[in-house]
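The file protein.cif comes next; it holds mmCIF, C-alpha atoms.
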data_structure
loop_
_atom_site.label_atom_id
_atom_site.label_comp_id
_atom_site.auth_asym_id
_atom_site.auth_seq_id
_atom_site.Cartn_x
_atom_site.Cartn_y
_atom_site.Cartn_z
CA ASP A 1 104.02 99.35 79.65
CA SER A 2 102.14 97.07 82.04
CA GLY A 3 98.69 97.96 80.73
CA VAL A 4 97.65 99.41 84.08
CA THR A 5 96.91 103.12 83.98
CA GLN A 6 96.77 105.54 86.85
CA THR A 7 95.67 109.15 86.97
CA PRO A 8 96.78 111.68 87.85
CA LYS A 9 100.56 111.26 87.72
CA HIS A 10 101.15 113.98 90.26
CA LEU A 11 98.90 115.56 92.83
CA ILE A 12 99.73 118.43 95.15
CA THR A 13 97.25 119.38 97.80
CA ALA A 14 96.98 120.82 101.29
CA THR A 15 96.47 119.22 104.66
CA GLY A 16 92.87 118.48 105.48
CA GLN A 17 91.87 118.08 101.87
CA ARG A 18 90.43 115.08 100.08
CA VAL A 19 91.70 113.54 96.84
CA THR A 20 90.73 110.68 94.55
CA LEU A 21 93.20 108.51 92.73
CA ARG A 22 92.06 106.50 89.77
CA CYS A 23 93.24 103.18 88.36
CA SER A 24 92.28 101.21 85.27
CA PRO A 25 93.43 97.60 85.36
CA ARG A 26 94.79 95.60 82.46
CA SER A 27 92.16 94.37 80.07
CA GLY A 28 90.66 91.19 81.48
CA ASP A 29 92.07 91.59 84.98
CA LEU A 30 89.46 91.38 87.70
CA SER A 31 91.57 92.18 90.74
CA VAL A 32 92.90 95.57 91.70
CA TYR A 33 95.36 96.20 94.49
CA TRP A 34 96.41 99.51 96.03
CA TYR A 35 99.82 100.11 97.58
CA GLN A 36 101.46 103.05 99.29
CA GLN A 37 105.19 103.56 98.89
CA SER A 38 106.97 105.97 101.17
CA LEU A 39 110.62 106.39 102.07
CA ASP A 40 110.19 105.36 105.69
CA GLN A 41 107.63 102.57 105.31
CA GLY A 42 108.54 100.99 102.00
CA LEU A 43 105.83 99.39 99.88
CA GLN A 44 102.71 98.80 101.94
CA PHE A 45 99.65 96.90 100.77
CA LEU A 46 96.47 98.88 101.35
CA ILE A 47 93.52 97.03 99.90
CA GLN A 48 92.39 94.58 97.21
CA TYR A 49 89.20 94.43 95.19
CA TYR A 50 88.05 91.56 93.07
CA ASN A 51 85.26 92.05 90.56
CA GLY A 52 83.75 94.88 92.54
CA GLU A 53 84.06 93.36 95.98
CA GLU A 54 86.60 94.04 98.68
CA ARG A 55 88.76 90.94 99.16
CA ALA A 56 91.63 91.89 101.43
CA LYS A 57 92.68 94.75 103.62
CA GLY A 58 96.16 95.69 104.60
CA ASN A 59 97.49 98.73 106.39
CA ILE A 60 94.79 101.07 105.18
CA LEU A 61 93.85 104.00 107.39
CA GLU A 62 90.24 104.72 108.21
CA ARG A 63 90.61 108.06 106.41
CA PHE A 64 91.23 106.10 103.21
CA SER A 65 88.65 104.18 101.24
CA ALA A 66 88.46 102.52 97.88
CA GLN A 67 85.96 101.03 95.51
CA GLN A 68 85.89 99.11 92.28
CA PHE A 69 83.25 99.97 89.73
CA PRO A 70 81.33 97.70 87.32
CA ASP A 71 83.75 98.55 84.53
CA LEU A 72 86.51 97.32 86.91
CA HIS A 73 88.30 100.60 87.30
CA SER A 74 89.08 101.52 90.87
CA GLU A 75 89.34 104.68 92.89
CA LEU A 76 91.24 105.30 96.09
CA ASN A 77 89.87 108.13 98.18
CA LEU A 78 92.12 109.82 100.70
CA SER A 79 90.54 112.30 103.09
CA SER A 80 91.63 114.61 105.91
CA LEU A 81 95.07 114.48 104.40
CA GLU A 82 98.13 114.81 106.59
CA LEU A 83 101.72 115.58 105.71
CA GLY A 84 102.59 111.94 106.32
CA ASP A 85 100.27 110.83 103.54
CA SER A 86 102.70 112.17 100.99
CA ALA A 87 103.82 109.11 99.07
CA LEU A 88 103.66 107.23 95.81
CA TYR A 89 100.42 105.32 95.44
CA PHE A 90 100.50 102.33 93.15
CA CYS A 91 97.71 100.34 91.68
CA ALA A 92 98.28 96.79 90.50
CA SER A 93 96.02 94.31 88.78
CA SER A 94 95.90 90.58 88.32
CA HIS A 95 93.69 88.24 86.43
CA GLY A 96 92.07 86.25 89.18
CA SER A 97 91.19 86.78 92.77
CA GLY A 98 94.70 86.04 93.81
CA GLY A 99 95.06 82.38 93.20
CA THR A 100 98.14 80.35 92.76
CA THR A 101 99.51 81.69 89.52
CA ASN A 102 98.55 85.32 89.51
CA GLU A 103 101.25 87.88 89.35
CA GLN A 104 100.47 91.52 89.81
CA PHE A 105 101.07 94.12 87.14
CA PHE A 106 101.80 97.58 88.45
CA GLY A 107 100.78 100.95 87.15
CA PRO A 108 103.19 103.92 87.00
CA GLY A 109 101.90 105.36 90.25
CA THR A 110 100.47 108.65 91.48
CA ARG A 111 102.80 110.87 93.45
CA LEU A 112 100.85 112.66 96.16
CA THR A 113 102.38 115.64 97.89
CA VAL A 114 100.57 117.10 100.87
CA LEU A 115 101.71 120.59 101.84
CA ALA B 116 102.26 85.90 109.11
CA GLN B 117 104.72 86.05 106.28
CA SER B 118 107.63 88.43 106.10
CA VAL B 119 110.45 89.25 103.73
CA THR B 120 113.93 90.45 104.58
CA GLN B 121 116.26 92.11 102.16
CA PRO B 122 119.37 92.65 104.26
CA ASP B 123 121.12 94.96 101.82
CA ILE B 124 119.54 98.38 101.47
CA HIS B 125 122.12 99.61 99.00
CA ILE B 126 124.59 97.72 96.77
CA THR B 127 127.17 99.11 94.40
CA VAL B 128 128.73 96.99 91.68
CA SER B 129 130.91 97.69 88.70
CA GLU B 130 129.50 97.29 85.23
CA GLY B 131 130.28 93.79 83.99
CA ALA B 132 130.58 92.35 87.48
CA SER B 133 128.30 89.66 88.80
CA LEU B 134 125.42 90.49 91.11
CA GLU B 135 123.61 88.71 93.88
CA LEU B 136 120.77 90.32 95.82
CA ARG B 137 119.70 88.52 98.94
CA CYS B 138 116.19 87.76 100.03
CA ASN B 139 114.99 85.72 102.98
CA TYR B 140 111.40 84.98 103.74
CA SER B 141 109.43 83.70 106.65
CA TYR B 142 106.38 81.55 106.05
CA GLY B 143 105.20 78.21 107.33
CA ALA B 144 104.59 76.59 103.97
CA THR B 145 106.05 77.01 100.49
CA PRO B 146 105.24 80.51 99.39
CA TYR B 147 105.04 82.10 95.99
CA LEU B 148 108.12 84.21 95.49
CA PHE B 149 108.68 87.18 93.24
CA TRP B 150 111.36 89.64 92.29
CA TYR B 151 110.29 93.02 90.99
CA VAL B 152 112.39 95.89 89.67
CA GLN B 153 111.54 99.57 89.95
CA SER B 154 113.38 102.09 87.81
CA PRO B 155 113.34 105.71 88.99
CA GLY B 156 109.92 107.25 88.53
CA GLN B 157 108.44 104.01 87.29
CA GLY B 158 106.14 101.34 88.61
CA LEU B 159 107.26 97.86 89.55
CA GLN B 160 108.01 95.35 86.84
CA LEU B 161 108.05 91.62 87.45
CA LEU B 162 111.46 90.06 86.82
CA LEU B 163 110.65 86.49 87.73
CA LYS B 164 108.52 84.32 89.93
CA TYR B 165 108.65 80.96 91.66
CA PHE B 166 105.58 78.91 92.37
CA SER B 167 106.78 75.33 92.23
CA GLY B 168 109.00 72.97 90.30
CA ASP B 169 112.54 73.78 89.27
CA THR B 170 114.13 75.82 92.02
CA LEU B 171 116.26 77.79 89.58
CA VAL B 172 114.06 80.33 87.86
CA GLN B 173 114.96 82.34 84.80
CA GLY B 174 113.56 85.80 84.36
CA ILE B 175 113.73 88.73 82.05
CA LYS B 176 116.78 90.91 81.42
CA GLY B 177 119.16 88.02 82.12
CA PHE B 178 118.21 87.61 85.78
CA GLU B 179 117.77 84.34 87.59
CA ALA B 180 116.86 83.38 91.13
CA GLU B 181 117.23 80.24 93.15
CA PHE B 182 114.76 79.04 95.74
CA LYS B 183 116.46 77.32 98.66
CA ARG B 184 113.91 75.92 101.05
CA SER B 185 116.47 74.94 103.67
CA GLN B 186 117.70 78.53 103.87
CA SER B 187 114.32 80.20 103.28
CA SER B 188 116.02 82.22 100.61
CA PHE B 189 115.30 83.40 97.10
CA ASN B 190 118.38 85.26 95.97
CA LEU B 191 118.49 87.12 92.69
CA ARG B 192 121.55 86.82 90.46
CA LYS B 193 122.92 88.18 87.25
CA PRO B 194 126.29 87.14 85.81
CA SER B 195 127.18 90.49 84.26
CA VAL B 196 125.54 93.73 85.28
CA HIS B 197 124.76 96.49 82.79
CA TRP B 198 124.47 100.18 83.64
CA SER B 199 120.77 100.00 82.81
CA ASP B 200 120.27 97.57 85.70
CA ALA B 201 120.62 100.42 88.17
CA ALA B 202 117.26 100.42 89.93
CA GLU B 203 115.56 99.27 93.09
CA TYR B 204 114.81 95.60 93.47
CA PHE B 205 112.03 94.18 95.58
CA CYS B 206 111.61 90.63 96.74
CA ALA B 207 108.07 89.61 97.57
CA VAL B 208 106.33 86.63 99.06
CA GLY B 209 102.78 85.71 98.19
CA THR B 210 100.44 83.43 100.03
CA THR B 211 96.84 82.48 99.48
CA SER B 212 94.26 82.48 102.19
CA GLY B 213 90.55 82.32 101.87
CA GLY B 214 90.84 82.44 98.11
CA TYR B 215 92.82 85.60 97.88
CA GLN B 216 96.47 86.35 97.58
CA LYS B 217 98.44 88.42 100.04
CA VAL B 218 101.74 89.75 98.80
CA THR B 219 104.31 91.14 101.19
CA PHE B 220 107.19 93.13 99.81
CA GLY B 221 110.66 93.53 101.20
CA ILE B 222 112.10 96.94 101.90
CA GLY B 223 113.98 96.90 98.62
CA THR B 224 117.64 96.94 97.58
CA LYS B 225 118.89 99.92 95.66
CA LEU B 226 121.46 98.93 93.05
CA GLN B 227 124.05 101.39 91.86
CA VAL B 228 126.20 100.46 88.86
CA ILE B 229 129.52 102.21 88.39
CA PRO B 230 131.44 102.28 85.11
#
Will you turn the file into structure tokens for me?
Amino acid sequence: DSGVTQTPKHLITATGQRVTLRCSPRSGDLSVYWYQQSLDQGLQFLIQYYNGEERAKGNILERFSAQQFPDLHSELNLSSLELGDSALYFCASSHGSGGTTNEQFFGPGTRLTVL
Amino acid sequence: AQSVTQPDIHITVSEGASLELRCNYSYGATPYLFWYVQSPGQGLQLLLKYFSGDTLVQGIKGFEAEFKRSQSSFNLRKPSVHWSDAAEYFCAVGTTSGGYQKVTFGIGTKLQVIP
């Protein structure tokens, strides 16, 4: 158990819909990272937040957005869903902003299926 | 930009045999290097990491990896594989820029262990 929690575990929805994925980082960790893992694209970094502020952006679509709240939990919002958005979405956390000795601890993931 | 190559998508070894998973990276300076393992239906777990110092790094579950700067490699090894090692293994390279860390993952190597 990494200490990172993600809800829900599974999510099934239809095209065009909007969903919210939730992540609670390890106690004391200030950074949260979101990743998308699909069979064809592998593990892709989406976005990072540090202490409530966006710090880095990866391959995140404009239809996707995220935020980190004062209690440090984070939500990833996916809208206008398409079939290709079906994937495993992982959240990871680390202690600092991403300095030299920070490893990331991964949650169990949310499996999103878009029908 | 950094990149990671894991040339072997799928490897099959017999239980008790030795294992080496290859990883090559591309980055202008010395990166931070990681190996993660993902069991089916689980999140990623850190096996080991290299930041500096001794180029032979020991990790959990009996794994080790060696950083070879001249070859831009960070191969993962285990002297005797157990059936429970069957999983997907990801090499990752981390760099810091502007105070934040960017981690790029390889495509992963799926390990099958046969009795």
Nearest to B:Phe182, chosen from B:Cys138, B:Ala144, B:Ala201, B:Val218, with all atoms listed in the file counted in the distances: B:Cys138
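With distances taken over all atoms listed in the file, A:Gln41 is the one residue among A:Gln68, A:Ser74, A:Ser27, A:Gln41 lying closest to chain B.
Pairwise distance (atom CA of B:Ser187, atom CA of A:Gln104) equals 22.4 Å.
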Given the file above and the PyMOL selection byres ((chain A and resi 29) around 8), which residues are selected, and can you give them as JSON, numbers by chain? {"A": [25, 26, 27, 28, 30, 31, 32, 93, 94, 95, 96]}
Residues of chain A no more than 12 Å from chain B, counting only C-alpha atoms: send them over as a PDB file with C-alpha atoms, keeping the file's coordinate frame.
ATOM      1  CA  ASP A   1     104.020  99.350  79.650  1.00  0.00           C
ATOM      2  CA  SER A   2     102.140  97.070  82.040  1.00  0.00           C
ATOM      3  CA  GLY A   3      98.690  97.960  80.730  1.00  0.00           C
ATOM      4  CA  VAL A   4      97.650  99.410  84.080  1.00  0.00           C
ATOM      5  CA  THR A   5      96.910 103.120  83.980  1.00  0.00           C
ATOM      6  CA  GLN A   6      96.770 105.540  86.850  1.00  0.00           C
ATOM      7  CA  LYS A   9     100.560 111.260  87.720  1.00  0.00           C
ATOM      8  CA  HIS A  10     101.150 113.980  90.260  1.00  0.00           C
ATOM      9  CA  SER A  31      91.570  92.180  90.740  1.00  0.00           C
ATOM     10  CA  VAL A  32      92.900  95.570  91.700  1.00  0.00           C
ATOM     11  CA  TYR A  33      95.360  96.200  94.490  1.00  0.00           C
ATOM     12  CA  TRP A  34      96.410  99.510  96.030  1.00  0.00           C
ATOM     13  CA  TYR A  35      99.820 100.110  97.580  1.00  0.00           C
ATOM     14  CA  GLN A  36     101.460 103.050  99.290  1.00  0.00           C
ATOM     15  CA  GLN A  37     105.190 103.560  98.890  1.00  0.00           C
ATOM     16  CA  SER A  38     106.970 105.970 101.170  1.00  0.00           C
ATOM     17  CA  LEU A  39     110.620 106.390 102.070  1.00  0.00           C
ATOM     18  CA  ASP A  40     110.190 105.360 105.690  1.00  0.00           C
ATOM     19  CA  GLN A  41     107.630 102.570 105.310  1.00  0.00           C
ATOM     20  CA  GLY A  42     108.540 100.990 102.000  1.00  0.00           C
ATOM     21  CA  LEU A  43     105.830  99.390  99.880  1.00  0.00           C
ATOM     22  CA  GLN A  44     102.710  98.800 101.940  1.00  0.00           C
ATOM     23  CA  PHE A  45      99.650  96.900 100.770  1.00  0.00           C
ATOM     24  CA  LEU A  46      96.470  98.880 101.350  1.00  0.00           C
ATOM     25  CA  ILE A  47      93.520  97.030  99.900  1.00  0.00           C
ATOM     26  CA  GLN A  48      92.390  94.580  97.210  1.00  0.00           C
ATOM     27  CA  TYR A  49      89.200  94.430  95.190  1.00  0.00           C
ATOM     28  CA  TYR A  50      88.050  91.560  93.070  1.00  0.00           C
ATOM     29  CA  GLU A  53      84.060  93.360  95.980  1.00  0.00           C
ATOM     30  CA  GLU A  54      86.600  94.040  98.680  1.00  0.00           C
ATOM     31  CA  ARG A  55      88.760  90.940  99.160  1.00  0.00           C
ATOM     32  CA  ALA A  56      91.630  91.890 101.430  1.00  0.00           C
ATOM     33  CA  LYS A  57      92.680  94.750 103.620  1.00  0.00           C
ATOM     34  CA  GLY A  58      96.160  95.690 104.600  1.00  0.00           C
ATOM     35  CA  ASN A  59      97.490  98.730 106.390  1.00  0.00           C
ATOM     36  CA  LEU A  88     103.660 107.230  95.810  1.00  0.00           C
ATOM     37  CA  TYR A  89     100.420 105.320  95.440  1.00  0.00           C
ATOM     38  CA  PHE A  90     100.500 102.330  93.150  1.00  0.00           C
ATOM     39  CA  CYS A  91      97.710 100.340  91.680  1.00  0.00           C
ATOM     40  CA  ALA A  92      98.280  96.790  90.500  1.00  0.00           C
ATOM     41  CA  SER A  93      96.020  94.310  88.780  1.00  0.00           C
ATOM     42  CA  SER A  94      95.900  90.580  88.320  1.00  0.00           C
ATOM     43  CA  HIS A  95      93.690  88.240  86.430  1.00  0.00           C
ATOM     44  CA  GLY A  96      92.070  86.250  89.180  1.00  0.00           C
ATOM     45  CA  SER A  97      91.190  86.780  92.770  1.00  0.00           C
ATOM     46  CA  GLY A  98      94.700  86.040  93.810  1.00  0.00           C
ATOM     47  CA  GLY A  99      95.060  82.380  93.200  1.00  0.00           C
ATOM     48  CA  THR A 100      98.140  80.350  92.760  1.00  0.00           C
ATOM     49  CA  THR A 101      99.510  81.690  89.520  1.00  0.00           C
ATOM     50  CA  ASN A 102      98.550  85.320  89.510  1.00  0.00           C
ATOM     51  CA  GLU A 103     101.250  87.880  89.350  1.00  0.00           C
ATOM     52  CA  GLN A 104     100.470  91.520  89.810  1.00  0.00           C
ATOM     53  CA  PHE A 105     101.070  94.120  87.140  1.00  0.00           C
ATOM     54  CA  PHE A 106     101.800  97.580  88.450  1.00  0.00           C
ATOM     55  CA  GLY A 107     100.780 100.950  87.150  1.00  0.00           C
ATOM     56  CA  PRO A 108     103.190 103.920  87.000  1.00  0.00           C
ATOM     57  CA  GLY A 109     101.900 105.360  90.250  1.00  0.00           C
ATOM     58  CA  THR A 110     100.470 108.650  91.480  1.00  0.00           C
ATOM     59  CA  ARG A 111     102.800 110.870  93.450  1.00  0.00           C
TER      60      ARG A 111
END
Report the distance between atom CA of B:Ala132 and atom CA of B:Gly168 in Å, rounded to one decimal place. 29.1 Å
Write out as number ranges by chain which residues come within 8 Å of B:Glu135 when counting only C-alpha atoms, dropping same-chain ones fewer than 4 positions away. B: 190-193
If the PyMOL selection byres ((chain B and resi 139) around 9) were run on this exact file, what residues would it hold? Put them as a list in words.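 On this input, the PyMOL selection byres ((chain B and resi 139) around 9) captures Ser118, Val119, Thr120, Gln121, Pro122, Arg137, Cys138, Tyr140, Ser141, Gln186, Ser187, Ser188, Phe189, Asn190 and Cys206 of chain B.
Each of B:Val228, B:Asp169, B:Tyr142, B:Leu134 was checked against B:Ala207 using all atoms listed in the file; the smallest atom-to-atom distance is that of B:Tyr142.
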Could you expand the PyMOL selection byres ((chain A and resi 79) around 12) into the explicit residues it covers here, written as a PyMOL selection string? chain A and resi 13-21+61-66+76-78+80-83+85+114
State, in Å with one decimal place, the distance from atom CA of B:Ser185 to atom CA of B:Ser167. 15.0 Å
With distances taken over only C-alpha atoms, which residue among B:Ala116, B:Trp150, B:Gln227, B:Ile126 lies nearest B:Ala180?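 Using only C-alpha atoms, B:Ala180 sits closest to B:Trp150.
When only C-alpha atoms are used to compute distances to A:Leu112, the closest of the residues A:Leu11, A:Cys23, A:Ile60, A:Leu72 turns out to be A:Leu11.
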Distance criterion (only C-alpha atoms): nearest to B:Glu181 out of B:Glu130, B:Leu136, B:Ser154, B:Gly143: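 The closest residue to B:Glu181 is B:Leu136.
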Box centre and edge lengths (Å, one decimal), axis-aligned, stretch 185-189 of chain B plus 4 Å each side, as JSON:
{"center_x": 116.0, "center_y": 79.2, "center_z": 100.5, "size_x": 11.4, "size_y": 16.5, "size_z": 14.8}
N, CA, C and O atoms for stretch 24-45 of chain A, written as a PDB file, in the frame of the given file, could you do that?
ATOM      1  N   SER A  24      92.935 102.112  86.218  1.00  0.00           N
ATOM      2  CA  SER A  24      92.280 101.210  85.270  1.00  0.00           C
ATOM      3  C   SER A  24      93.148  99.981  85.123  1.00  0.00           C
ATOM      4  O   SER A  24      94.321 100.084  84.746  1.00  0.00           O
ATOM      5  N   PRO A  25      92.619  98.812  85.431  1.00  0.00           N
ATOM      6  CA  PRO A  25      93.430  97.600  85.360  1.00  0.00           C
ATOM      7  C   PRO A  25      93.692  97.176  83.927  1.00  0.00           C
ATOM      8  O   PRO A  25      93.119  97.716  82.989  1.00  0.00           O
ATOM      9  N   ARG A  26      94.560  96.196  83.769  1.00  0.00           N
ATOM     10  CA  ARG A  26      94.790  95.600  82.460  1.00  0.00           C
ATOM     11  C   ARG A  26      93.485  94.991  81.967  1.00  0.00           C
ATOM     12  O   ARG A  26      92.672  94.512  82.763  1.00  0.00           O
ATOM     13  N   SER A  27      93.339  94.973  80.649  1.00  0.00           N
ATOM     14  CA  SER A  27      92.160  94.370  80.070  1.00  0.00           C
ATOM     15  C   SER A  27      92.040  92.920  80.514  1.00  0.00           C
ATOM     16  O   SER A  27      92.997  92.141  80.390  1.00  0.00           O
ATOM     17  N   GLY A  28      90.886  92.560  81.048  1.00  0.00           N
ATOM     18  CA  GLY A  28      90.660  91.190  81.480  1.00  0.00           C
ATOM     19  C   GLY A  28      90.994  90.903  82.926  1.00  0.00           C
ATOM     20  O   GLY A  28      90.608  89.857  83.456  1.00  0.00           O
ATOM     21  N   ASP A  29      91.720  91.812  83.565  1.00  0.00           N
ATOM     22  CA  ASP A  29      92.070  91.590  84.980  1.00  0.00           C
ATOM     23  C   ASP A  29      90.898  91.991  85.867  1.00  0.00           C
ATOM     24  O   ASP A  29      90.308  93.054  85.706  1.00  0.00           O
ATOM     25  N   LEU A  30      90.604  91.140  86.832  1.00  0.00           N
ATOM     26  CA  LEU A  30      89.460  91.380  87.700  1.00  0.00           C
ATOM     27  C   LEU A  30      89.863  91.925  89.069  1.00  0.00           C
ATOM     28  O   LEU A  30      89.035  92.471  89.788  1.00  0.00           O
ATOM     29  N   SER A  31      91.107  91.721  89.426  1.00  0.00           N
ATOM     30  CA  SER A  31      91.570  92.180  90.740  1.00  0.00           C
ATOM     31  C   SER A  31      92.362  93.466  90.630  1.00  0.00           C
ATOM     32  O   SER A  31      93.168  93.638  89.715  1.00  0.00           O
ATOM     33  N   VAL A  32      92.130  94.330  91.593  1.00  0.00           N
ATOM     34  CA  VAL A  32      92.900  95.570  91.700  1.00  0.00           C
ATOM     35  C   VAL A  32      93.452  95.674  93.111  1.00  0.00           C
ATOM     36  O   VAL A  32      92.743  95.387  94.092  1.00  0.00           O
ATOM     37  N   TYR A  33      94.692  96.049  93.204  1.00  0.00           N
ATOM     38  CA  TYR A  33      95.360  96.200  94.490  1.00  0.00           C
ATOM     39  C   TYR A  33      95.871  97.637  94.598  1.00  0.00           C
ATOM     40  O   TYR A  33      96.340  98.207  93.616  1.00  0.00           O
ATOM     41  N   TRP A  34      95.836  98.185  95.779  1.00  0.00           N
ATOM     42  CA  TRP A  34      96.410  99.510  96.030  1.00  0.00           C
ATOM     43  C   TRP A  34      97.556  99.387  97.033  1.00  0.00           C
ATOM     44  O   TRP A  34      97.444  98.683  98.052  1.00  0.00           O
ATOM     45  N   TYR A  35      98.639 100.091  96.722  1.00  0.00           N
ATOM     46  CA  TYR A  35      99.820 100.110  97.580  1.00  0.00           C
ATOM     47  C   TYR A  35     100.243 101.553  97.824  1.00  0.00           C
ATOM     48  O   TYR A  35     100.061 102.423  96.977  1.00  0.00           O
ATOM     49  N   GLN A  36     100.854 101.753  98.973  1.00  0.00           N
ATOM     50  CA  GLN A  36     101.460 103.050  99.290  1.00  0.00           C
ATOM     51  C   GLN A  36     102.964 102.830  99.433  1.00  0.00           C
ATOM     52  O   GLN A  36     103.391 101.907 100.134  1.00  0.00           O
ATOM     53  N   GLN A  37     103.746 103.670  98.768  1.00  0.00           N
ATOM     54  CA  GLN A  37     105.190 103.560  98.890  1.00  0.00           C
ATOM     55  C   GLN A  37     105.755 104.863  99.427  1.00  0.00           C
ATOM     56  O   GLN A  37     105.639 105.910  98.798  1.00  0.00           O
ATOM     57  N   SER A  38     106.335 104.795 100.599  1.00  0.00           N
ATOM     58  CA  SER A  38     106.970 105.970 101.170  1.00  0.00           C
ATOM     59  C   SER A  38     108.396 105.600 101.577  1.00  0.00           C
ATOM     60  O   SER A  38     108.731 104.423 101.699  1.00  0.00           O
ATOM     61  N   LEU A  39     109.207 106.636 101.785  1.00  0.00           N
ATOM     62  CA  LEU A  39     110.620 106.390 102.070  1.00  0.00           C
ATOM     63  C   LEU A  39     110.808 105.643 103.387  1.00  0.00           C
ATOM     64  O   LEU A  39     111.658 104.765 103.498  1.00  0.00           O
ATOM     65  N   ASP A  40     109.979 105.970 104.371  1.00  0.00           N
ATOM     66  CA  ASP A  40     110.190 105.360 105.690  1.00  0.00           C
ATOM     67  C   ASP A  40     109.475 104.027 105.859  1.00  0.00           C
ATOM     68  O   ASP A  40     109.887 103.203 106.676  1.00  0.00           O
ATOM     69  N   GLN A  41     108.417 103.798 105.102  1.00  0.00           N
ATOM     70  CA  GLN A  41     107.630 102.570 105.310  1.00  0.00           C
ATOM     71  C   GLN A  41     107.773 101.559 104.193  1.00  0.00           C
ATOM     72  O   GLN A  41     107.274 100.443 104.297  1.00  0.00           O
ATOM     73  N   GLY A  42     108.433 101.920 103.106  1.00  0.00           N
ATOM     74  CA  GLY A  42     108.540 100.990 102.000  1.00  0.00           C
ATOM     75  C   GLY A  42     107.201 100.820 101.291  1.00  0.00           C
ATOM     76  O   GLY A  42     106.342 101.690 101.334  1.00  0.00           O
ATOM     77  N   LEU A  43     107.038  99.670 100.663  1.00  0.00           N
ATOM     78  CA  LEU A  43     105.830  99.390  99.880  1.00  0.00           C
ATOM     79  C   LEU A  43     104.820  98.677 100.778  1.00  0.00           C
ATOM     80  O   LEU A  43     105.044  97.550 101.196  1.00  0.00           O
ATOM     81  N   GLN A  44     103.712  99.338 101.046  1.00  0.00           N
ATOM     82  CA  GLN A  44     102.710  98.800 101.940  1.00  0.00           C
ATOM     83  C   GLN A  44     101.416  98.497 101.180  1.00  0.00           C
ATOM     84  O   GLN A  44     100.890  99.353 100.477  1.00  0.00           O
ATOM     85  N   PHE A  45     100.916  97.295 101.376  1.00  0.00           N
ATOM     86  CA  PHE A  45      99.650  96.900 100.770  1.00  0.00           C
ATOM     87  C   PHE A  45      98.509  97.599 101.507  1.00  0.00           C
ATOM     88  O   PHE A  45      98.442  97.587 102.736  1.00  0.00           O
TER      89      PHE A  45
END
